[in-house]
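Next comes target17.txt, with compact mmCIF, C-alpha atoms.
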```txt
# COMPACT_ATOMS: atom_id res chain seq x y z
CA MET A 147 82.75 87.21 64.65
CA ALA A 148 86.35 86.54 63.60
CA ASP A 149 85.77 87.70 60.05
CA GLU A 150 84.81 91.14 61.36
CA LEU A 151 88.15 91.66 63.06
CA VAL A 152 91.59 91.33 61.49
CA LEU A 153 94.98 92.09 63.02
CA LEU A 154 97.98 92.84 60.81
CA ASP A 155 100.97 92.24 63.02
CA PHE A 156 104.58 91.06 63.03
CA TRP A 157 105.55 88.41 65.58
CA PRO A 158 108.39 90.36 67.32
CA SER A 159 106.47 93.63 67.59
CA MET A 160 106.02 94.87 71.15
CA PHE A 161 103.19 97.02 69.88
CA GLY A 162 101.31 94.13 68.29
CA MET A 163 101.69 92.20 71.54
CA ARG A 164 99.80 94.95 73.36
CA THR A 165 96.88 94.71 70.98
CA LYS A 166 96.83 90.90 71.21
CA MET A 167 96.73 91.15 75.03
CA ALA A 168 93.82 93.59 74.94
CA LEU A 169 91.83 91.48 72.51
CA ALA A 170 92.43 88.40 74.67
CA GLU A 171 91.36 90.25 77.83
CA LYS A 172 88.08 91.05 76.07
CA GLY A 173 87.72 87.47 74.81
CA VAL A 174 87.37 88.72 71.24
CA SER A 175 88.33 86.48 68.31
CA TYR A 176 90.05 87.78 65.21
CA GLU A 177 91.96 86.76 62.13
CA TYR A 178 95.72 87.18 62.51
CA ILE A 179 97.73 88.05 59.42
CA GLU A 180 101.52 87.90 59.84
CA THR A 181 102.80 91.02 58.11
CA ASP A 182 106.49 91.83 57.76
CA PRO A 183 106.71 95.62 57.98
CA TRP A 184 110.08 95.62 56.19
CA THR A 185 108.34 94.41 53.03
CA LYS A 186 105.24 96.55 52.66
CA THR A 187 102.39 94.33 51.56
CA PRO A 188 99.55 95.87 49.49
CA LEU A 189 97.14 95.29 52.37
CA LEU A 190 99.42 97.09 54.83
CA ILE A 191 99.85 100.05 52.48
CA GLU A 192 96.09 100.17 51.90
CA MET A 193 95.25 100.03 55.61
CA ASN A 194 98.04 102.24 56.94
CA PRO A 195 99.06 104.47 54.04
CA ILE A 196 100.48 107.18 56.31
CA HIS A 197 102.92 105.14 58.40
CA LYS A 198 102.92 101.73 56.66
CA LYS A 199 103.51 100.11 60.04
CA ILE A 200 102.03 97.33 62.09
CA PRO A 201 99.99 96.61 64.09
CA VAL A 202 96.86 97.54 62.19
CA LEU A 203 93.52 96.47 63.60
CA ILE A 204 90.85 96.19 60.93
CA HIS A 205 87.27 96.16 62.21
CA LYS A 206 84.51 95.64 59.65
CA GLY A 207 86.95 96.74 56.95
CA LYS A 208 87.99 99.96 58.72
CA PRO A 209 91.58 100.30 59.95
CA ILE A 210 92.68 101.53 63.36
CA CYS A 211 96.41 102.29 63.64
CA GLU A 212 98.78 102.85 66.58
CA SER A 213 98.72 100.34 69.44
CA LEU A 214 97.63 102.65 72.27
CA ILE A 215 94.82 104.01 70.10
CA GLN A 216 93.83 100.41 69.36
CA LEU A 217 93.70 99.66 73.09
CA GLU A 218 91.32 102.56 73.69
CA TYR A 219 89.21 101.53 70.69
CA ILE A 220 88.99 97.92 71.87
CA ASP A 221 87.99 99.11 75.33
CA GLU A 222 85.28 101.40 73.96
CA VAL A 223 83.79 98.92 71.48
CA TRP A 224 83.77 95.92 73.84
CA SER A 225 82.81 97.99 76.84
CA ASP A 226 80.63 95.34 78.45
CA THR A 227 83.53 93.06 79.37
CA TYR A 228 86.79 93.45 81.30
CA PRO A 229 87.57 97.20 81.39
CA ILE A 230 91.08 98.08 80.26
CA LEU A 231 91.06 101.79 81.12
CA PRO A 232 90.01 103.10 84.51
CA SER A 233 86.61 104.82 84.60
CA ASP A 234 87.77 107.76 86.70
CA PRO A 235 88.94 110.63 84.42
CA TYR A 236 91.98 111.42 86.59
CA GLN A 237 93.11 107.76 86.75
CA LYS A 238 92.59 107.55 83.00
CA ALA A 239 94.75 110.65 82.46
CA GLN A 240 97.50 109.11 84.59
CA ALA A 241 97.37 105.83 82.64
CA ARG A 242 97.58 107.73 79.34
CA PHE A 243 100.42 109.89 80.63
CA TRP A 244 102.58 106.93 81.60
CA ALA A 245 101.78 104.97 78.43
CA ASP A 246 102.87 108.06 76.48
CA PHE A 247 106.04 108.18 78.64
CA ILE A 248 106.79 104.55 77.77
CA ASP A 249 106.51 105.20 74.03
CA LYS A 250 108.39 108.51 74.11
CA LYS A 251 111.20 107.34 76.36
CA LEU A 252 111.73 103.57 76.11
CA TYR A 253 111.58 102.88 72.41
CA ASP A 254 114.65 104.78 71.16
CA PRO A 255 117.17 103.65 73.80
CA ALA A 256 115.74 100.12 73.59
CA TRP A 257 116.49 100.10 69.85
CA LYS A 258 119.95 101.52 70.39
CA ILE A 259 120.81 98.87 72.95
CA TRP A 260 120.61 96.13 70.35
CA GLY A 261 121.05 98.29 67.25
CA THR A 262 124.27 100.10 68.07
CA LYS A 263 127.63 99.53 69.69
CA GLY A 264 130.30 101.43 71.61
CA GLU A 265 129.50 104.83 73.06
CA ASP A 266 125.99 104.97 71.56
CA GLN A 267 125.11 101.67 73.17
CA VAL A 268 126.50 102.73 76.56
CA ALA A 269 124.51 105.97 76.47
CA ALA A 270 121.37 104.05 75.47
CA LYS A 271 121.80 101.63 78.38
CA LYS A 272 122.15 104.49 80.87
CA GLU A 273 119.02 106.17 79.51
CA LEU A 274 117.00 102.97 79.45
CA ILE A 275 117.88 102.11 83.05
CA GLU A 276 116.95 105.62 84.16
CA HIS A 277 113.53 105.37 82.51
CA PHE A 278 112.83 101.89 83.89
CA LYS A 279 113.71 103.21 87.35
CA THR A 280 111.16 105.98 86.88
CA LEU A 281 108.57 103.42 85.85
CA GLU A 282 109.43 101.27 88.87
CA THR A 283 108.97 104.27 91.18
CA GLU A 284 105.59 104.90 89.59
CA LEU A 285 104.56 101.29 90.19
CA GLY A 286 105.57 101.51 93.85
CA ASP A 287 103.96 98.80 95.91
CA LYS A 288 100.90 98.43 93.74
CA THR A 289 99.87 95.02 92.44
CA TYR A 290 99.46 96.41 88.96
CA TYR A 291 99.88 99.87 87.49
CA GLY A 292 96.10 100.08 87.56
CA GLY A 293 96.06 99.30 91.30
CA GLU A 294 94.36 96.00 92.04
CA VAL A 295 93.28 95.63 88.44
CA PHE A 296 95.44 94.71 85.42
CA GLY A 297 94.86 97.28 82.70
CA PHE A 298 95.98 99.76 80.06
CA LEU A 299 99.34 100.74 81.49
CA ASP A 300 100.25 97.17 82.46
CA ILE A 301 99.51 96.12 78.87
CA ALA A 302 101.47 99.09 77.48
CA LEU A 303 104.61 98.06 79.37
CA MET A 304 104.22 94.26 79.20
CA GLY A 305 104.17 94.64 75.41
CA TYR A 306 107.92 95.18 75.76
CA TYR A 307 108.46 92.11 78.00
CA SER A 308 109.65 89.72 75.28
CA TRP A 309 112.44 92.20 74.55
CA PHE A 310 113.66 92.47 78.17
CA LYS A 311 115.99 89.47 77.83
CA ALA A 312 117.49 91.00 74.66
CA MET A 313 117.98 94.30 76.49
CA GLU A 314 119.73 92.46 79.34
CA LYS A 315 121.96 90.54 76.95
CA PHE A 316 123.06 93.45 74.79
CA GLY A 317 123.05 95.98 77.62
CA GLU A 318 124.81 93.60 80.02
CA PHE A 319 122.60 94.16 83.02
CA SER A 320 120.12 92.13 85.03
CA PHE A 321 116.52 93.30 85.08
CA GLU A 322 115.92 91.52 88.38
CA THR A 323 118.92 93.17 90.07
CA GLU A 324 118.19 96.65 88.75
CA PHE A 325 114.40 96.57 89.08
CA PRO A 326 113.23 94.07 91.71
CA LYS A 327 109.72 95.52 92.04
CA LEU A 328 109.18 95.63 88.29
CA THR A 329 110.37 92.02 88.11
CA GLU A 330 107.76 90.96 90.66
CA TRP A 331 105.15 92.87 88.72
CA THR A 332 106.09 91.06 85.48
CA LYS A 333 105.64 87.73 87.29
CA ARG A 334 102.14 88.75 88.36
CA CYS A 335 101.29 89.79 84.80
CA LEU A 336 102.66 86.51 83.46
CA GLU A 337 100.01 84.68 85.45
CA ARG A 338 97.49 86.01 82.95
CA GLU A 339 96.76 83.84 79.92
CA SER A 340 96.15 86.92 77.76
CA VAL A 341 99.70 88.08 78.45
CA VAL A 342 101.47 84.74 78.03
CA LYS A 343 99.72 83.96 74.74
CA ALA A 344 100.51 87.37 73.27
CA LEU A 345 104.23 87.34 74.03
CA ALA A 346 106.94 86.06 71.71
CA ASP A 347 109.65 83.67 72.87
CA SER A 348 112.45 85.79 74.41
CA ASP A 349 115.22 83.66 72.88
CA LYS A 350 113.71 83.99 69.41
CA ILE A 351 113.63 87.75 69.99
CA ILE A 352 117.36 87.68 70.82
CA GLU A 353 118.00 85.83 67.53
CA TYR A 354 115.92 88.43 65.72
CA ALA A 355 117.79 91.26 67.46
CA TYR A 356 121.09 89.73 66.28
CA ALA A 357 119.76 89.73 62.73
CA LEU A 358 118.78 93.39 63.10
CA ARG A 359 122.22 94.26 64.46
CA LYS A 360 123.82 92.71 61.37
CA LYS A 361 121.36 94.52 59.12
CA PHE A 362 122.15 97.88 60.69
CA GLY A 363 125.86 97.28 60.77
CA ALA A 364 126.31 97.05 64.51
CA GLU A 365 127.63 93.51 64.29
CA MET B 1488 82.79 116.71 90.48
CA VAL B 1489 83.93 120.03 91.94
CA THR B 1490 84.09 122.72 89.26
CA GLY B 1491 86.14 125.22 91.22
CA ASP B 1492 89.82 125.05 91.97
CA VAL B 1493 91.21 124.79 88.45
CA LYS B 1494 94.66 126.13 87.64
CA LEU B 1495 96.61 126.02 84.41
CA ILE B 1496 100.36 126.53 84.23
CA GLY B 1497 101.33 127.91 80.84
CA SER B 1498 102.41 130.65 78.53
CA TRP B 1499 100.55 132.87 76.05
CA ALA B 1500 102.87 131.74 73.25
CA SER B 1501 102.59 127.99 73.66
CA VAL B 1502 100.56 125.95 71.20
CA PHE B 1503 100.19 123.16 73.71
CA VAL B 1504 98.96 125.48 76.45
CA MET B 1505 96.43 126.95 74.02
CA ARG B 1506 94.92 123.52 73.47
CA ALA B 1507 94.11 123.23 77.17
CA ARG B 1508 92.72 126.78 77.30
CA ILE B 1509 90.46 126.23 74.28
CA ALA B 1510 89.08 123.07 75.91
CA LEU B 1511 88.45 124.91 79.18
CA ASN B 1512 86.70 127.70 77.24
CA LEU B 1513 84.51 125.19 75.41
CA LYS B 1514 83.35 123.83 78.74
CA SER B 1515 83.03 127.34 80.23
CA ILE B 1516 85.36 126.40 83.09
CA SER B 1517 86.90 129.31 84.91
CA TYR B 1518 90.49 128.80 85.93
CA GLU B 1519 93.50 130.61 87.30
CA PHE B 1520 96.12 131.05 84.58
CA LEU B 1521 99.63 130.85 85.99
CA GLN B 1522 101.88 132.42 83.37
CA GLU B 1523 105.40 131.05 83.32
CA THR B 1524 108.25 133.51 82.81
CA TYR B 1525 110.26 132.81 79.67
CA GLY B 1526 113.64 131.28 80.45
CA THR B 1527 112.68 129.97 83.90
CA LYS B 1528 110.59 127.14 85.27
CA SER B 1529 108.51 127.87 88.36
CA GLU B 1530 108.67 125.70 91.45
CA LEU B 1531 105.04 124.76 90.94
CA LEU B 1532 105.73 123.58 87.39
CA LEU B 1533 108.69 121.48 88.50
CA LYS B 1534 106.68 120.02 91.36
CA SER B 1535 103.57 119.33 89.23
CA ASN B 1536 105.40 117.85 86.25
CA PRO B 1537 108.61 116.36 87.65
CA VAL B 1538 108.89 113.89 84.76
CA HIS B 1539 108.94 116.28 81.79
CA LYS B 1540 109.15 119.68 83.53
CA LYS B 1541 107.01 121.15 80.75
CA MET B 1542 103.82 123.12 80.36
CA PRO B 1543 100.89 122.97 80.15
CA VAL B 1544 99.97 121.44 83.48
CA LEU B 1545 96.34 121.46 84.52
CA ILE B 1546 95.89 121.33 88.27
CA HIS B 1547 92.37 120.30 89.22
CA ALA B 1548 91.62 120.12 92.94
CA ASP B 1549 95.39 119.97 93.55
CA LYS B 1550 95.86 117.02 91.19
CA PRO B 1551 98.10 117.66 88.16
CA VAL B 1552 97.38 116.45 84.62
CA CYS B 1553 100.18 116.75 82.05
CA GLU B 1554 100.57 116.55 78.24
CA SER B 1555 98.24 118.77 76.21
CA ASN B 1556 96.24 116.09 74.36
CA ILE B 1557 95.80 114.15 77.60
CA ILE B 1558 94.66 117.36 79.34
CA VAL B 1559 92.09 118.03 76.59
CA GLN B 1560 90.69 114.51 76.95
CA TYR B 1561 90.63 114.89 80.74
CA ILE B 1562 88.70 118.16 80.46
CA ASP B 1563 86.20 116.47 78.14
CA GLU B 1564 85.72 113.57 80.57
CA ALA B 1565 85.84 115.41 83.91
CA TRP B 1566 83.28 117.95 82.71
CA SER B 1567 81.35 115.67 80.38
CA SER B 1568 78.00 117.24 81.19
CA TYR B 1569 79.26 120.77 80.53
CA GLY B 1570 79.19 122.23 77.03
CA PRO B 1571 79.76 120.31 73.80
CA SER B 1572 81.71 117.03 73.55
CA ILE B 1573 85.30 117.53 72.53
CA LEU B 1574 85.97 113.96 71.38
CA PRO B 1575 83.59 112.43 68.83
CA SER B 1576 81.00 110.06 70.25
CA GLN B 1577 81.69 106.97 68.08
CA PRO B 1578 84.71 104.78 68.93
CA TYR B 1579 85.94 104.69 65.32
CA ASP B 1580 85.73 108.47 64.91
CA ARG B 1581 87.54 108.85 68.24
CA ALA B 1582 90.31 106.54 67.04
CA ILE B 1583 90.68 108.57 63.83
CA ALA B 1584 90.76 111.86 65.74
CA ARG B 1585 93.43 110.45 68.07
CA PHE B 1586 95.44 109.11 65.12
CA TRP B 1587 95.56 112.45 63.35
CA ALA B 1588 96.24 114.40 66.55
CA ALA B 1589 99.24 112.13 67.13
CA TYR B 1590 100.28 112.69 63.49
CA VAL B 1591 100.11 116.47 64.01
CA ASP B 1592 102.49 116.21 66.96
CA ASP B 1593 104.81 113.42 65.81
CA LYS B 1594 105.13 114.25 62.11
CA TRP B 1595 103.62 117.56 61.07
CA PHE B 1596 104.88 119.76 63.91
CA ILE B 1597 108.37 118.27 63.75
CA ALA B 1598 108.53 119.23 60.07
CA LEU B 1599 107.19 122.75 60.75
CA ARG B 1600 109.73 123.33 63.49
CA SER B 1601 112.58 122.13 61.28
CA ILE B 1602 111.89 125.08 58.96
CA LEU B 1603 112.76 127.41 61.84
CA THR B 1604 115.87 125.46 62.77
CA ALA B 1605 117.06 124.82 59.20
CA ARG B 1606 120.61 125.82 58.43
CA GLY B 1607 121.00 127.03 54.87
CA GLU B 1608 118.69 127.11 51.87
CA GLU B 1609 118.89 123.41 51.02
CA GLU B 1610 117.78 122.32 54.47
CA LYS B 1611 115.02 124.93 54.48
CA LYS B 1612 113.72 123.81 51.07
CA ALA B 1613 113.63 120.19 52.20
CA ALA B 1614 111.79 121.13 55.39
CA ILE B 1615 109.24 123.17 53.44
CA ALA B 1616 108.63 120.28 51.04
CA GLU B 1617 108.03 117.97 54.00
CA VAL B 1618 105.55 120.37 55.61
CA GLU B 1619 103.68 120.72 52.32
CA GLU B 1620 103.43 116.96 51.88
CA ARG B 1621 102.20 116.49 55.45
CA THR B 1622 99.74 119.38 55.22
CA ASP B 1623 98.35 117.67 52.14
CA HIS B 1624 97.68 114.56 54.25
CA LEU B 1625 95.85 116.76 56.76
CA GLU B 1626 93.74 118.27 53.98
CA LYS B 1627 92.55 114.78 53.03
CA ALA B 1628 92.00 113.96 56.69
CA PHE B 1629 89.84 117.06 57.02
CA ILE B 1630 87.71 116.08 54.05
CA ASP B 1631 87.25 112.56 55.50
CA CYS B 1632 86.59 113.61 59.08
CA SER B 1633 84.41 116.67 58.52
CA ASN B 1634 82.01 114.96 56.13
CA GLY B 1635 80.98 118.29 54.61
CA LYS B 1636 80.72 120.01 57.98
CA PRO B 1637 82.75 123.09 59.03
CA PHE B 1638 85.19 121.37 61.42
CA PHE B 1639 87.14 118.11 61.78
CA ASN B 1640 84.72 117.35 64.61
CA GLY B 1641 81.61 118.26 62.59
CA ASP B 1642 79.43 121.22 63.56
CA HIS B 1643 81.60 122.29 66.51
CA ILE B 1644 85.31 122.40 67.09
CA GLY B 1645 86.68 119.31 68.77
CA TYR B 1646 89.80 117.37 69.67
CA LEU B 1647 91.49 117.33 66.28
CA ASP B 1648 90.49 120.91 65.44
CA ILE B 1649 92.12 121.97 68.71
CA ALA B 1650 95.21 119.78 68.16
CA LEU B 1651 95.97 121.33 64.75
CA GLY B 1652 94.28 124.72 65.04
CA SER B 1653 96.33 125.75 68.06
CA PHE B 1654 99.31 125.84 65.70
CA LEU B 1655 97.81 128.53 63.47
CA GLY B 1656 99.65 131.42 65.13
CA TRP B 1657 103.00 129.68 64.77
CA TRP B 1658 102.04 128.44 61.28
CA ARG B 1659 101.83 132.10 60.18
CA VAL B 1660 105.09 132.97 61.95
CA VAL B 1661 106.91 130.16 60.15
CA GLU B 1662 105.43 131.33 56.83
CA LEU B 1663 106.86 134.78 57.44
CA ASP B 1664 110.20 133.39 58.50
CA ALA B 1665 110.43 131.08 55.50
CA ASN B 1666 108.94 133.68 53.16
CA HIS B 1667 106.79 130.89 51.77
CA ILE B 1668 103.08 130.19 51.99
CA LEU B 1669 102.47 127.08 54.07
CA LEU B 1670 98.67 127.12 54.19
CA ASP B 1671 97.83 127.57 50.56
CA GLU B 1672 94.30 128.49 49.47
CA THR B 1673 94.67 126.66 46.17
CA LYS B 1674 96.65 123.60 47.34
CA THR B 1675 94.68 122.92 50.55
CA PRO B 1676 91.43 124.89 50.12
CA SER B 1677 89.47 123.03 52.80
CA LEU B 1678 92.11 123.56 55.47
CA PHE B 1679 92.50 127.18 54.42
CA LYS B 1680 88.81 127.90 55.00
CA TRP B 1681 88.74 125.78 58.16
CA ALA B 1682 91.61 127.84 59.59
CA GLU B 1683 89.61 131.05 59.37
CA ARG B 1684 86.53 129.44 60.93
CA PHE B 1685 88.65 127.97 63.72
CA CYS B 1686 90.30 131.30 64.56
CA ASN B 1687 86.92 132.98 64.71
CA ASP B 1688 85.45 130.46 67.11
CA PRO B 1689 84.57 132.23 70.39
CA ALA B 1690 86.54 129.67 72.41
CA VAL B 1691 89.65 130.37 70.30
CA LYS B 1692 89.55 134.05 69.34
CA PRO B 1693 90.67 135.57 72.66
CA LEU B 1694 93.59 133.13 72.87
CA MET B 1695 95.20 133.29 69.42
CA PRO B 1696 98.33 135.44 69.77
CA GLU B 1697 98.97 138.36 67.48
CA THR B 1698 101.35 137.32 64.69
CA THR B 1699 103.83 140.22 65.15
CA LYS B 1700 104.08 139.60 68.88
CA LEU B 1701 104.61 135.88 68.29
CA ALA B 1702 107.16 136.52 65.52
CA GLU B 1703 109.15 138.69 67.94
CA PHE B 1704 109.03 135.91 70.51
CA ALA B 1705 110.07 133.38 67.86
CA ARG B 1706 113.21 135.39 67.15
CA LYS B 1707 114.17 134.97 70.83
CA LEU B 1708 113.40 131.25 70.81
CA PHE B 1709 115.02 130.50 67.43
CA PRO B 1710 117.80 133.04 67.04
CA LYS B 1711 119.31 133.22 63.58
CA PRO B 1712 123.06 132.53 63.38
CA GLN B 1713 125.18 135.66 62.80
CA ALA B 1714 125.90 136.23 59.11
```

How does the structure come out when it is put into structure tokens?
Amino acid sequence: MADELVLLDFWPSMFGMRTKMALAEKGVSYEYIETDPWTKTPLLIEMNPIHKKIPVLIHKGKPICESLIQLEYIDEVWSDTYPILPSDPYQKAQARFWADFIDKKLYDPAWKIWGTKGEDQVAAKKELIEHFKTLETELGDKTYYGGEVFGFLDIALMGYYSWFKAMEKFGEFSFETEFPKLTEWTKRCLERESVVKALADSDKIIEYAYALRKKFGAE
Amino acid sequence: MVTGDVKLIGSWASVFVMRARIALNLKSISYEFLQETYGTKSELLLKSNPVHKKMPVLIHADKPVCESNIIVQYIDEAWSSYGPSILPSQPYDRAIARFWAAYVDDKWFIALRSILTARGEEEKKAAIAEVEERTDHLEKAFIDCSNGKPFFNGDHIGYLDIALGSFLGWWRVVELDANHILLDETKTPSLFKWAERFCNDPAVKPLMPETTKLAEFARKLFPKPQA
């Protein structure tokens, strides 16, 4: 029931996009509440008092914070439909490892690519490209990160997809040229309705990134 | 699932390695402990964790698992029929345990470490204040999670107990270094009592390093600038 499940999210958030993808894969309906994390609403503070960040998934009044934790929660609660995590413990550990890698390694340089200029931006671009190359090596010739099945790690990385065009623009590189295999993988993921519906328009993200650059003095 | 052929690359002083060892103890899994030499990284470590080049690495039937919290979950799942459950059974409780374990690593530990790396009194005071505020959050988390029981996980130690409790040796070392109590019996009474219970757990006791030995090691790792 939609009134049992609420998602506090902000339209450009790569993390919120992950949660939306997972909920769509499970065919679960929910109430979406657009929540600007820059202005902390009372509901956001109540549901995520520690970090005051989105996305927050609220199930029967109880909040679950952090997108990767939400993915695992969604998979465990709606376990009778499309599995997001592999069932094998070793495969699961690998999926978690690489999702953790994505969050530890991509987020900061990705921010710096649109949020800074000069030397900082150049260093961020170098780092980002290095990490994407590592992720491309990990994908190899697989259809999805999960093998034949779209899952947790694919969702974790596709959450960032709307921001790829912004990274290309500010970092002055071509995703397709640098990462041909990853590019093919994104095309496969984009065949999924759950993915397409969750993503934000890449050009709107670029506009938003420009606004952030001004806000943080990089423009 | 083959029980034999379990190796763990680590060090006696590492919090993160201890997490894996506690989990293995809880499941009564025997393993070969491959102690890394301080200041060097073995070939096996570099080969098994080429991405981060860090310990712990659990090698189970020649397959490596990296990152301490991921290793603990793997141990719980690979040996699910052995010993007690490490993660709670309900999805919501699991999400809460995972949330706070991430908080311990991303927020609390960073603050604790910044006490050791602080330059000057002002920086140290600020770091201490941050640790105290974050420890206060963990006190409330304990009260919520434990529900009157002895551990975050209830009757037995579990994922979040292990995530935070493994820091207790270093927690004491930082207290000594800062000359300031960081686990205060009056400010965070529940955590204070939990800490003692945790250290006395049979899966933990043989692993918790002696404070003086750890303090000596800390001086090597975090040398003080010359006066």

Any idea what's packed within 12 Å of Val174 (chain A), counting all atoms listed in the file, ignoring anything in its chain fewer than 5 positions away? Could you give it as a ChimeraX atom specification?
/A:147-153,165-169,205,220-221,223-228,340

What are the closest atom pairs, with distances in Å to one decimal, for all residues of chain A lying within 7 Å of chain B? Consider all atoms listed in the file, order rows by chain and residue number, and present the result as a tab-separated table.
```
residue	atom	partner	partner_atom	distance
A:Ile210	CA	B:Ala1582	CA	6.7
A:Ile215	CA	B:Ala1582	CA	6.0
A:Tyr219	CA	B:Pro1578	CA	5.8
A:Glu222	CA	B:Pro1578	CA	6.1
A:Val223	CA	B:Pro1578	CA	6.5
A:Pro235	CA	B:Ala1565	CA	5.7
A:Tyr236	CA	B:Tyr1561	CA	6.9
A:Ala239	CA	B:Ile1557	CA	6.1
A:Arg242	CA	B:Ile1557	CA	6.9
A:Phe243	CA	B:Ile1557	CA	7.0
```

Can you pull out every residue within 12 Å of Asp349 (chain A), counting all atoms listed in the file, but drop anything in the same chain fewer than 2 positions away, and send it as a PyMOL selection string?
chain A and resi 158+307-315+345-347+351-356

Using all atoms listed in the file, which residues sit within 8 Å of Leu1694 (chain B) once same-chain residues fewer than 4 positions away are excluded, as number ranges by chain?
B: 1499, 1505, 1508-1509, 1690

Nearest candidate to Glu330 (chain A) (options A:Lys288, A:Lys360, A:Lys186, A:His197; using all atoms listed in the file):
A:Lys288

Quick one: pull the distance between CA of Ala364 (chain A) and CA of Glu265 (chain A), Å, one decimal.
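Distance reported for this atom pair: 12.0 Å.
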
Give me the residues near Leu1701 (chain B) as a PyMOL selection string, where near means some atom within 9 Å (using only C-alpha atoms) and where sequence neighbours in that chain fewer than 5 positions away do not count.
chain B and resi 1500+1656-1657+1660+1696+1706

Could you give me, as a list in words, the residues within 12 Å of Lys1692 (chain B), counting all atoms listed in the file and dropping anything in the same chain fewer than 5 positions from it?
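My list of contacting residues is Met1505, Arg1508, Ile1509, Asn1512, Leu1513, Gly1652, Ser1653, Leu1655, Gly1656, Ala1682, Glu1683, Arg1684, Phe1685, Cys1686, Asn1687 and Glu1697 of chain B.
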
Nearest residue to Glu218 (chain A) from the set A:Leu358, A:Ile196, A:Leu190, A:Ile301 (distances using all atoms listed in the file):
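With all atoms listed in the file as the atom set, the closest residue is A:Ile301.
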
Rounded to one decimal in Å, what is the spacing between CA of Ile1573 (chain B) and CA of Phe298 (chain A)?
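Computed distance, CA of Ile1573 (chain B) to CA of Phe298 (chain A), equals 22.1 Å.
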
When you count all atoms listed in the file, which of these residues is closest to Glu337 (chain A): A:Phe319, A:Tyr306, A:Phe362, A:Phe296?
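Closest residue, counting all atoms listed in the file: A:Phe296.
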
Box time for region 1585-1600 of chain B: axis-aligned, enclosing all its listed atoms, 8 Å extra on each side; report centre and edge lengths in Å to one decimal, as lines of an AutoDock Vina configuration file.
```
center_x = 101.6
center_y = 116.2
center_z = 64.1
size_x = 32.3
size_y = 30.2
size_z = 24.0
```

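Using only C-alpha atoms for every distance, the candidate list A:Glu273, A:Glu180, A:Glu294, A:Glu171 yields A:Glu273 as the residue closest to Lys258 (chain A).
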
Please report the interatomic distance between CA of Gly1570 (chain B) and CA of Ile1644 (chain B) in Å with one decimal.
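Spanning CA of Gly1570 (chain B) to CA of Ile1644 (chain B) is a straight-line distance of 11.7 Å.
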